[in-house]
Amino acid sequence: MYSEVVMDHFKNPRNVGEIPDADGVGEVGNPACGDIMAFFIKVKDDKLVDVKFKTFGCGAAIAVSSMVSEMALGKTLDEAMQITNASVIDALEGLPKKKHHCSNLGADALHRAIEDYKAKQKGAAYEKPLDGAEVCACPVCDVNDPEEAPYCQSACERVK
Amino acid sequence: MDHVAACPVHPDVIKAMLPFLTEKFGNPSSMHSLGEEVTEAVDDARDNTAKLINARTDDVIFTSGGTESNNWALKGVVAASKSRGNHVIISSIEHFSIMHAVKALEKQGIEITRLPVDKYGVVDPEDVEKSITPQTILISVMHGNNEMGAIQPVAEIGAIARANKIPFHSDGVATVGVIPVDVEAMNIDLLSMAANPMYGPQGIGALYVRRGTRIAPLMDGGIQERGLRAGTENVLGIVGMGKAAEIAAEEMQSRIDHMVPLRDKLIKSLPSLMEDVHVVGPTTNRLPNNVSVVVKYVEGESMLLFLDMEGVKIASGSACISRSLKVSHVMLAMGIDAGTAQGSLLFTLGQDNTEQDVADVIEILPPIVQKLRDMSPLYKRTAKFKAGRAS
């Protein structure tokens, strides 16, 4: 079901852990959907000098977190903001369609950590967007009910 | 340990089926000798299946499996009873082939009551009694639940249905051939069955329809199966199911005696080896082959992948695994929150499982769980929370 790259990142995830004095922290997801990802970043001279993550989720979610952390490490903040769900899927050599939403979560969690850092720089508190408690939306096509559109046959195809 | 998904076909069942792939290729509807031979084989299979549930031979109608039987029981009885009422009672832990069939019925204006279950996943017969209205035309409560093992009080529910003159259907796919089922003692009017859980082939099942029960056919066509289920008989499957039923009747007790100690060892060991691991479903009145637990702070699929690498194949009710990406409705009905249900692990045992298999799981699983928990943001929080509370 999963590519070799996915299985490798799942079995040996890179950059697992927390950074106690992180410059930015970003979290996304909720347990009802099956995935929670938390990213911790250290920033120096506008670059990500350390990236760590913790993830509750399926094999794809763990592999995505690991891949995002690897892609982000050493990048400038602007470059890291360019990491998209599609580029994560490509780097993992594909994900099963119904797991595409996991890839979005990884990039989102990283972006939230960066936004958290930026907000702190300005001295403001970063307001985390609300993830509806029981709504597991498909981030690709915005369909809320997976039963009506199981992550999401037609729309997710457009991502590839 | 995923026998709920597929059981291996018993070698004697294969032996019984083989001639019907080669020389015995007749159609039971034919008048010539080839047809006669297969007619006899189908009759024998019907007889063996009926004996297994203490039914009259003619009341067993072969179908394509449990899903068709469940659909037919609900839609067929409703279609035949529309003049009498429009209310159907089911439980909230039924198989999808019941849950989704009643959704289709709701669209036709049928009212559905979904009975709650207690924290062990068991329906209270009193709730059945209280839900009955003058409009009630069918009560359907499954016999055994494959996801968490609970055996329902079908005899009591059947007695209530009988006293109120309402037909009672039970989904026996998880129990027929696995534990004793008696349609007389249990007051069952319609019973869904499938061959695979008793080591028969896939794609064949049956619906028991007590004589006198009003039911419309789901499939229109020829007059096979007393006109209740059209279509040329799946002779190969029927012969396989009959043989599987015959063997199940003989071996049932020894199979139970083999599986129960393995089941109980897992049910006892897993929660004691790891913190925050809970058994789902009852400890008594439980299917002999079912072990269901939830492991908090981790997700089922990631555990399954690691177990698979170690050669242990099991299932989970986690949303990430289901095709719909939704948490099991059975666990939600039992009051287990969606986050905890993500950590579901489902072991379904079979004759080929050994004490060594159980010992392997007990050895392999805890380090996997620990590895994933160390990665989980939920685990950290709870550990901190506990430490904070202690100080």
# chains A, B, ... in the order shown; residues from 1 in each chain; ligands from 1
>>> interface_residues(of="chain B", to="chain A", cutoff="6 Å", atoms="only C-alpha atoms", output="ChimeraX atom specification")
/B:298-299,301-302,324,338-339,375-377
>>> residues_around(residues="B:Ser91", least_positions_apart="2", cutoff="6 Å", atoms="only C-alpha atoms", output="list of chain:residue names")
B:Ile93, B:Arg114, B:Leu115, B:Val141
>>> write_last_selection(atoms="N, CA and C atoms", output="PDB file, in the first residue's frame")
ATOM      1  N   ILE B  93     -25.211  -1.188  17.044  1.00  0.00           N
ATOM      2  CA  ILE B  93     -23.899  -1.817  16.820  1.00  0.00           C
ATOM      3  C   ILE B  93     -23.955  -2.845  15.702  1.00  0.00           C
ATOM      4  N   ARG B 114     -32.760   3.011  16.724  1.00  0.00           N
ATOM      5  CA  ARG B 114     -31.452   2.373  16.926  1.00  0.00           C
ATOM      6  C   ARG B 114     -31.223   2.265  18.438  1.00  0.00           C
ATOM      7  N   LEU B 115     -31.292   1.045  18.949  1.00  0.00           N
ATOM      8  CA  LEU B 115     -31.207   0.861  20.400  1.00  0.00           C
ATOM      9  C   LEU B 115     -29.785   1.115  20.899  1.00  0.00           C
ATOM     10  N   VAL B 141     -31.744  -7.580  15.852  1.00  0.00           N
ATOM     11  CA  VAL B 141     -30.590  -7.410  16.748  1.00  0.00           C
ATOM     12  C   VAL B 141     -29.624  -8.554  16.474  1.00  0.00           C
TER      13      VAL B 141
END
>>> residues_around(residues="stretch 128-134 of chain B", least_positions_apart="4", cutoff="12 Å", atoms="only C-alpha atoms", output="ChimeraX atom specification")
/B:84-91,111-117,123-124,138-141,153-154,156-168
>>> residues_around(residues="A:Arg112", least_positions_apart="4", cutoff="8 Å", atoms="only C-alpha atoms", output="list in words")
Val25, Gly26, Glu27, Asp108, Asp116 and Lys128 of chain A
>>> residues_around(residues="A:Leu95", least_positions_apart="6", cutoff="9 Å", atoms="only C-alpha atoms", output="ChimeraX atom specification")
/A:1-3,6,60,89,103
>>> residues_around(residues="A:Glu70", least_positions_apart="4", cutoff="10 Å", atoms="only C-alpha atoms", output="list in words")
Pro13, Arg14, Asn15, Asp50, Val51, Lys52, Val64, Ser65, Ser66, Gly74 and Lys75 of chain A
>>> write_last_selection(atoms="N, CA and C atoms", output="short mmCIF file (atom, residue, chain, number, x, y, z; two decimals), in the first residue's frame")
data_model
loop_
_atom_site.label_atom_id
_atom_site.label_comp_id
_atom_site.auth_asym_id
_atom_site.auth_seq_id
_atom_site.Cartn_x
_atom_site.Cartn_y
_atom_site.Cartn_z
N PRO A 13 11.68 7.19 11.54
CA PRO A 13 11.34 8.61 11.37
C PRO A 13 12.50 9.51 11.80
N ARG A 14 12.74 10.55 10.98
CA ARG A 14 13.80 11.52 11.28
C ARG A 14 13.23 12.63 12.16
N ASN A 15 14.08 13.14 13.03
CA ASN A 15 13.77 14.37 13.79
C ASN A 15 12.56 14.24 14.72
N ASP A 50 16.84 23.97 13.43
CA ASP A 50 16.42 22.69 14.04
C ASP A 50 14.90 22.53 13.84
N VAL A 51 14.51 21.34 13.51
CA VAL A 51 13.08 21.03 13.34
C VAL A 51 12.82 19.69 14.03
N LYS A 52 11.84 19.65 14.91
CA LYS A 52 11.46 18.38 15.54
C LYS A 52 9.94 18.24 15.47
N VAL A 64 4.88 11.40 6.70
CA VAL A 64 4.74 12.78 6.23
C VAL A 64 5.46 13.74 7.19
N SER A 65 5.25 13.56 8.49
CA SER A 65 5.91 14.43 9.47
C SER A 65 7.42 14.36 9.31
N SER A 66 7.91 13.13 9.19
CA SER A 66 9.35 12.92 9.08
C SER A 66 9.87 13.60 7.81
N GLY A 74 17.18 23.51 7.50
CA GLY A 74 18.19 24.26 6.75
C GLY A 74 17.62 25.27 5.78
N LYS A 75 16.30 25.21 5.56
CA LYS A 75 15.68 26.14 4.62
C LYS A 75 15.44 27.50 5.30
#
>>> atom_distance(atom1="atom CA of B:Gly121", atom2="atom CA of B:Met148")
7.7 Å
